[in-house]
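Asks: Structure below; questions to follow.
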Amino acid sequence: MEDIIVCEGLNKYYSGVHALKDLSLKIKKDSVVGLIGDNGAGKSTLIKILSGAHQPDSGHIYFEGNKVKFKSTKEAMNLGIETIYQYSALIPEMSIARNIFIGREQTQYNVGSFGLMKTKTMQDDAMKALTDVELHLRSPDTPVNQLSGGERQGVVIARAMYFKSKVLILDEPTNHLSVKETNKVLKFVEGLKSQGVTSIFITHNLSHVYPIADHLCVMARGEKIADMEKKDTTIDHLTDLLVNG
Amino acid sequence: MSKNFSLRSLLVRPEVATFLMFLAIMIGFYIANERFLDARNIRIVMGITPEYIIVAIGIAILMISGEFDLSVGSVFALVPMTIVQMVHQGIPPWFAIFLGLMIGMIVGFVNGFITLRFGIPSFIATLGMLYIARSLTTVATAGFPPPFPHILPNELFVYQFELFRASLYWALLVAVVLGVMLHRSNIGNWIYATGGDQNAASSMGIKTGNVKMFCFILCGFLAGFAGMIQTFRLEAPLPSQGYLLELESIAAAVIGGVSLFGGIGTVFGAVIGAILIRFLESGIIMARIDAEWFRAGLGSLIIIAVVFNTYISRRATRIGQNKVED
């Protein structure tokens with residue numbers, strides 16, 4: 001299988017702190033990669049660079065074989081790299097349909113980049129996007145704050161699918177969810193593989209990502225300390241790495 | 001169930017609650033004094049209300065984007081004062097109006113620039129501007145309020161028709177245009193997203209700084225435009241005009257269901273809020289209650305509105321949380 005993302009020697013400093021140390025990583029197409037590590041291991045720094053929110057101080061990123069340099073999240077999104085942050089992926093007071101289309105509204109009567117939203121089309125497409133990830137909700141006009149945590153993750157994933165993302169970066173998607181809700185989210189992520197979406201699943205909870213991951217990458221103190229196929233490792237070995245670094 | 005639910009979801013909309021409050025107050029004062037709703041009183045109240053509606057809409061949109069503007073009362077005085085003084089200096093009336101409204105927009109831009117560039121609360125940035133713009137207005141009078149130059153096209157903005165003034169139609173135009181912008185256009189979607197959760201909005205590619213700047217400039221423009229209408233109606237530019245208007249417009253927005261934390265509110269709510277305040281004032285006078293009770297009434301309305309809206313939004317959130325546990 002070919003690699004969709006290749007990182008070579010990424011370094012990042014935050015006011016003197018070496019947050020990411022010479023990180024190289026290859027991510028295979030249509031796989032689920034578990035990126036695990038304790039707090040402060042450098043996971044967040046890595047995803048911020050991959051999502052275009054921050055820029056590396058040195059090193060290169062290749063996307064689908066081409067060297068890329070993201071100046072903003074928008075640039076990464078345009079190439080198909082979508083990042084879902086732990087707490088801030090949706091606007092709670094806004095409806096499901098509006099949330100799905102934030103920043104990418106379907107408009108008519110355009111003047112420059114401004115126009116009137118095609119409300120009906122957006123509602124219909126939102127429902128279709130939800131059904132595609134097996135999420136059955138009552139109405140696209142329901143405000144997101146009336147959904148459960150698992151349903152919210154479902155909406156976010158539906159949005160990524162709708163806009164044909166190639167890579168989905170999920171930042172602690174199962175944090176603070178009940179067991180039942182966690183399983184729902186894991187099922188969403190597993191379903192992405194068959195639809196040609198690569199996902200990078202960031203977590204400090206190994207037991208969540210292990211069942212669905214194809215590949216696991218362990219980080220500690222800004223460095224990659226392990227990088228292997230699931231078949232070459234065991235959950236005990238990974239736990240040992242996580243705890244003892 | 002579905003019909004029941006839609007009625008309930010309509011009732012929990014804050015601007016609907018405001019509208020019901022509005023009806024209750026209108027009926028209450030009508031019972032106290034039948035003349036409260038006769039043509040004469042409606043003509044008087046609706047003659048002054050449009051100016052407040054326009055300011056309240058600007059404040060509401062800015063608050064939805066997550067920021068405040070305390071300088072609207074001062075801009076409300078500064079813009080017409082500069083228009084009048086420019087006409088006295090020989091600048092053609094329409095060009096003076098254009099330049100005056102530009103000043104309102106520039107004040108909005110400066111408010112936005114200071115708030116966003118230095119990352120300080122807009123409450124403070126615009127509090128400073130409240131004093132600066134008021135001071136500039138007084139300086140611009142050059143010691144004595146100038147006479148109103150009658151070459152200004154004031155009839156176009158304030159002509160008294162049978163019942164309403166032209167200004168009401170201008171206010172309705174502003175409400176419809178900005179209502180469509182806020183509720184139907186993609187800019188509106190960005191404004192709600194920015195005020196709802198700025199981090200989430202920018203992670204979805206929204207340029208939240210630009211969105212807020214747009215709302216600051218719009219708010220400054222509307223405050224200036226409304227102030228111009230008041231001066232045109234009174235045919236006198238007063239340096240004291242719009243005193244305490246900033247608090248009253250925030251009150252109108254909040255009574256109309258706009259959240260102090262951003263992300264929630266409607267243009268319709270702000271319009272109803274502004275009308276409600278003016279009829280409350282008139283009703284108290286018509287009911288022969290001491291006019292000093294107006295502020296107590298307004299204060300109570302604000303508190304009731306915010307308590308009610310907080311209760312509603314907590315309930316809505318609880319629906320979501322209950323689901324996790326079932």
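We label chains A, B, ... in the order they appear in the structure tokens, count residues from 1 in each chain, and number ligands from 1 in the order shown.
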Give me the residues within 7 Å of region 108-116 of chain B as a PDB file with C-alpha atoms, in the first residue's frame, counting only C-alpha atoms and dropping any in the same chain fewer than 5 places off.

Replies:
```
ATOM      1  CA  PRO B 121     -11.908  43.053  25.835  1.00  0.00           C
ATOM      2  CA  SER B 122     -14.068  45.134  23.502  1.00  0.00           C
ATOM      3  CA  ALA B 125     -11.716  49.388  24.011  1.00  0.00           C
ATOM      4  CA  THR B 126     -15.166  50.801  23.330  1.00  0.00           C
ATOM      5  CA  GLY B 209     -11.006  38.401  13.099  1.00  0.00           C
ATOM      6  CA  MET B 213     -14.200  43.543  12.302  1.00  0.00           C
ATOM      7  CA  PHE B 216     -17.721  46.424  14.536  1.00  0.00           C
ATOM      8  CA  ILE B 217     -17.796  48.562  11.374  1.00  0.00           C
ATOM      9  CA  CYS B 219     -22.330  48.696  14.324  1.00  0.00           C
ATOM     10  CA  GLY B 220     -20.504  52.032  14.042  1.00  0.00           C
TER      11      GLY B 220
END
```

Asks: Neighbours of region 55-68 of chain B within 7 Å (only C-alpha atoms; same-chain residues fewer than 5 positions away dropped), as a PyMOL selection string?

Replies: chain B and resi 122-123+191-192+194-195+212+215-216+218-219+222-223+226+249-250+252-253+258-265+267+270-271+274

Asks: Only C-alpha atoms, please: the residues just picked out, written as an mmCIF file, in the first residue's frame.

Replies:
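Okay, selection.cif is ready:
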```
data_model
loop_
_atom_site.group_PDB
_atom_site.id
_atom_site.type_symbol
_atom_site.label_atom_id
_atom_site.label_comp_id
_atom_site.auth_asym_id
_atom_site.auth_seq_id
_atom_site.Cartn_x
_atom_site.Cartn_y
_atom_site.Cartn_z
ATOM 1 C CA SER B 122 -14.068 45.134 23.502
ATOM 2 C CA PHE B 123 -15.829 46.337 26.644
ATOM 3 C CA ILE B 191 -21.075 35.459 12.605
ATOM 4 C CA TYR B 192 -22.968 32.847 14.635
ATOM 5 C CA THR B 194 -17.536 33.101 15.531
ATOM 6 C CA GLY B 195 -19.653 34.150 18.506
ATOM 7 C CA LYS B 212 -15.723 40.547 14.054
ATOM 8 C CA CYS B 215 -19.575 43.585 12.778
ATOM 9 C CA PHE B 216 -17.721 46.424 14.536
ATOM 10 C CA LEU B 218 -21.464 47.746 10.733
ATOM 11 C CA CYS B 219 -22.330 48.696 14.324
ATOM 12 C CA LEU B 222 -25.696 52.010 12.110
ATOM 13 C CA ALA B 223 -25.128 54.091 15.266
ATOM 14 C CA ALA B 226 -29.502 56.413 13.545
ATOM 15 C CA SER B 249 -29.310 49.281 23.102
ATOM 16 C CA ILE B 250 -27.590 46.443 24.930
ATOM 17 C CA ALA B 252 -32.897 46.055 23.866
ATOM 18 C CA ALA B 253 -30.704 43.298 22.418
ATOM 19 C CA VAL B 258 -29.328 38.105 22.349
ATOM 20 C CA SER B 259 -26.810 36.286 24.535
ATOM 21 C CA LEU B 260 -24.121 38.262 26.360
ATOM 22 C CA PHE B 261 -21.745 35.436 25.517
ATOM 23 C CA GLY B 262 -22.295 35.565 21.763
ATOM 24 C CA GLY B 263 -23.631 33.057 19.269
ATOM 25 C CA ILE B 264 -27.321 33.504 20.102
ATOM 26 C CA GLY B 265 -29.852 36.105 19.004
ATOM 27 C CA VAL B 267 -32.535 40.714 14.338
ATOM 28 C CA ALA B 270 -33.504 43.225 18.788
ATOM 29 C CA VAL B 271 -36.287 45.087 16.928
ATOM 30 C CA ALA B 274 -36.181 48.270 21.125
#
```

Asks: Residues of chain A near chain B: apply a cut-off of 6 Å, count only C-alpha atoms, and supply the list as a ChimeraX atom specification.

Replies: /A:74,88-89,91,103,115-117,145-148

Asks: For the residues in the current selection, export C-alpha atoms as a compact mmCIF listing (two decimals), in the first residue's frame.

Replies:
```txt
# COMPACT_ATOMS: atom_id res chain seq x y z
CA LYS A 74 -7.83 26.06 5.22
CA SER A 88 -14.07 22.55 19.51
CA ALA A 89 -15.32 20.76 16.46
CA ILE A 91 -20.74 25.21 17.53
CA GLY A 103 -17.19 27.90 6.15
CA GLY A 115 -24.20 34.74 -0.97
CA LEU A 116 -27.49 33.44 0.34
CA MET A 117 -27.43 29.92 1.71
CA ASN A 145 -26.13 21.00 22.12
CA GLN A 146 -29.13 18.67 22.20
CA LEU A 147 -27.05 15.74 20.93
CA SER A 148 -25.09 13.27 23.00
```

Asks: I'd like the interatomic distance between CA of Ala126 (chain A) and CA of Phe101 (chain A), to a tenth of an Å.

Replies: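 CA of Phe101 (chain A) lies 8.4 Å from CA of Ala126 (chain A).
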
Asks: List the spatial neighbours of region 156-169 of chain B as a list in words - criterion: any atom at most 6 Å away, only C-alpha atoms, same-chain residues fewer than 4 positions off excluded.

Replies: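 What passes the distance filter is Arg43, Gly47, Pro50 and Arg233 of chain B.
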
Asks: Export N, CA and C atoms of the chosen residues as a short mmCIF file (atom, residue, chain, number, x, y, z; two decimals), in the first residue's frame?

Replies:
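Writing the result to again-v1.cif gives the following:
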```cif
data_model
loop_
_atom_site.label_atom_id
_atom_site.label_comp_id
_atom_site.auth_asym_id
_atom_site.auth_seq_id
_atom_site.Cartn_x
_atom_site.Cartn_y
_atom_site.Cartn_z
N ARG B 43 -48.34 57.26 17.03
CA ARG B 43 -47.57 58.15 16.18
C ARG B 43 -46.39 58.75 16.95
N GLY B 47 -42.59 57.48 16.25
CA GLY B 47 -41.80 58.54 15.64
C GLY B 47 -40.36 58.53 16.14
N PRO B 50 -37.70 54.27 15.65
CA PRO B 50 -36.82 53.74 14.58
C PRO B 50 -35.35 53.97 14.86
N ARG B 233 -34.69 64.66 12.64
CA ARG B 233 -36.05 64.76 13.18
C ARG B 233 -36.17 65.98 14.08
#
```

Asks: From the options A:Glu82, A:Asp57, A:Asp240, A:Glu134, which residue's atoms come nearest to Asp171 (chain A), counting only C-alpha atoms?

Replies: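 Of A:Glu82, A:Asp57, A:Asp240, A:Glu134, the one nearest Asp171 (chain A), counting only C-alpha atoms, is A:Glu82.
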
Asks: Would you compute the distance between CA of Arg221 (chain A) and CA of Lys166 (chain A)? Give it in Å to one decimal.

Replies: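 For CA of Arg221 (chain A) relative to CA of Lys166 (chain A), the distance reads 28.9 Å.
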
Asks: Could you list, as a list of chain:residue names, every residue within 8 Å of Ile61 (chain A), counting only C-alpha atoms and ignoring same-chain residues fewer than 4 positions away?

Replies: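 Non-adjacent residues within range: A:Ile5, A:Val6, A:Cys7, A:Glu8, A:Lys67, A:Val68, A:Lys69.
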
Asks: From the DSSP assignment of the backbone, select every residue of region 123-317 of chain B that is helix (DSSP H, G or I), and format the answer as a PyMOL selection string.

Replies: chain B and resi 123-140+155-158+166-184+186-196+198-203+208-234+245-255+267-286+293-317

Asks: Which residues, written as a ChimeraX atom specification, have at least one atom at most 12 Å from Thr234 (chain A), with only C-alpha atoms counted and residues fewer than 2 positions away on the same chain left out?

Replies: /A:206-207,210-211,215-216,228-232,236-241

Asks: Can you pull out the residues contacting Ala53 (chain A)? Cut-off 10 Å, using only C-alpha atoms, and skip same-chain residues under 5 positions away; I want them as a ChimeraX atom specification.

Replies: /A:45,47-48,70-76,83 /B:202-203

Asks: How would the residues just picked look written out with C-alpha atoms as a CSV table (one decimal), in the first residue's frame?

Replies:
```csv
chain,number,residue,atom,x,y,z
A,45,THR,CA,2.2,19.5,18.3
A,47,ILE,CA,-1.3,17.2,14.7
A,48,LYS,CA,-1.2,21.0,14.7
A,70,PHE,CA,0.5,24.5,4.9
A,71,LYS,CA,0.2,28.1,5.8
A,72,SER,CA,-3.3,27.7,7.3
A,73,THR,CA,-5.8,25.0,8.3
A,74,LYS,CA,-7.8,26.1,5.2
A,75,GLU,CA,-5.0,25.0,2.9
A,76,ALA,CA,-4.8,21.6,4.6
A,83,THR,CA,-8.8,17.8,11.9
B,202,SER,CA,-11.3,29.2,13.1
B,203,SER,CA,-10.4,25.5,13.1
```

Asks: Residues within 7 Å of Val144 (chain A), please, as number ranges by chain. Count only C-alpha atoms; anything in the same chain fewer than 2 positions from it doesn't count.

Replies: A: 92-96, 142, 146-147, 152

Asks: In Å, rounded to a single decimal, give me how far CA of Lys193 (chain A) is from CA of Gly9 (chain A).

Replies: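 These two atoms are separated by 27.4 Å.
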
Asks: Go through B:Pro14, B:Pro80, B:Pro239, B:Pro92 one by one, measure the shortest atom-to-atom distance of each to Tyr311 (chain B) using only C-alpha atoms, and give the residue with the smallest value.

Replies: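 With only C-alpha atoms as the atom set, the closest residue is B:Pro14.
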
Asks: Just list as a list in words whatever in region 130-214 of chain A DSSP marks as strand (DSSP E).

Replies: Val167, Leu168, Ile169, Leu170, Asp171, Thr198, Ser199, Ile200, Phe201, Ile202 and Thr203 of chain A

Asks: Smallest atom-to-atom distance to Pro140 (chain A): which of A:His54, A:Val33, A:Phe163, A:Met122, using only C-alpha atoms?

Replies: A:Met122
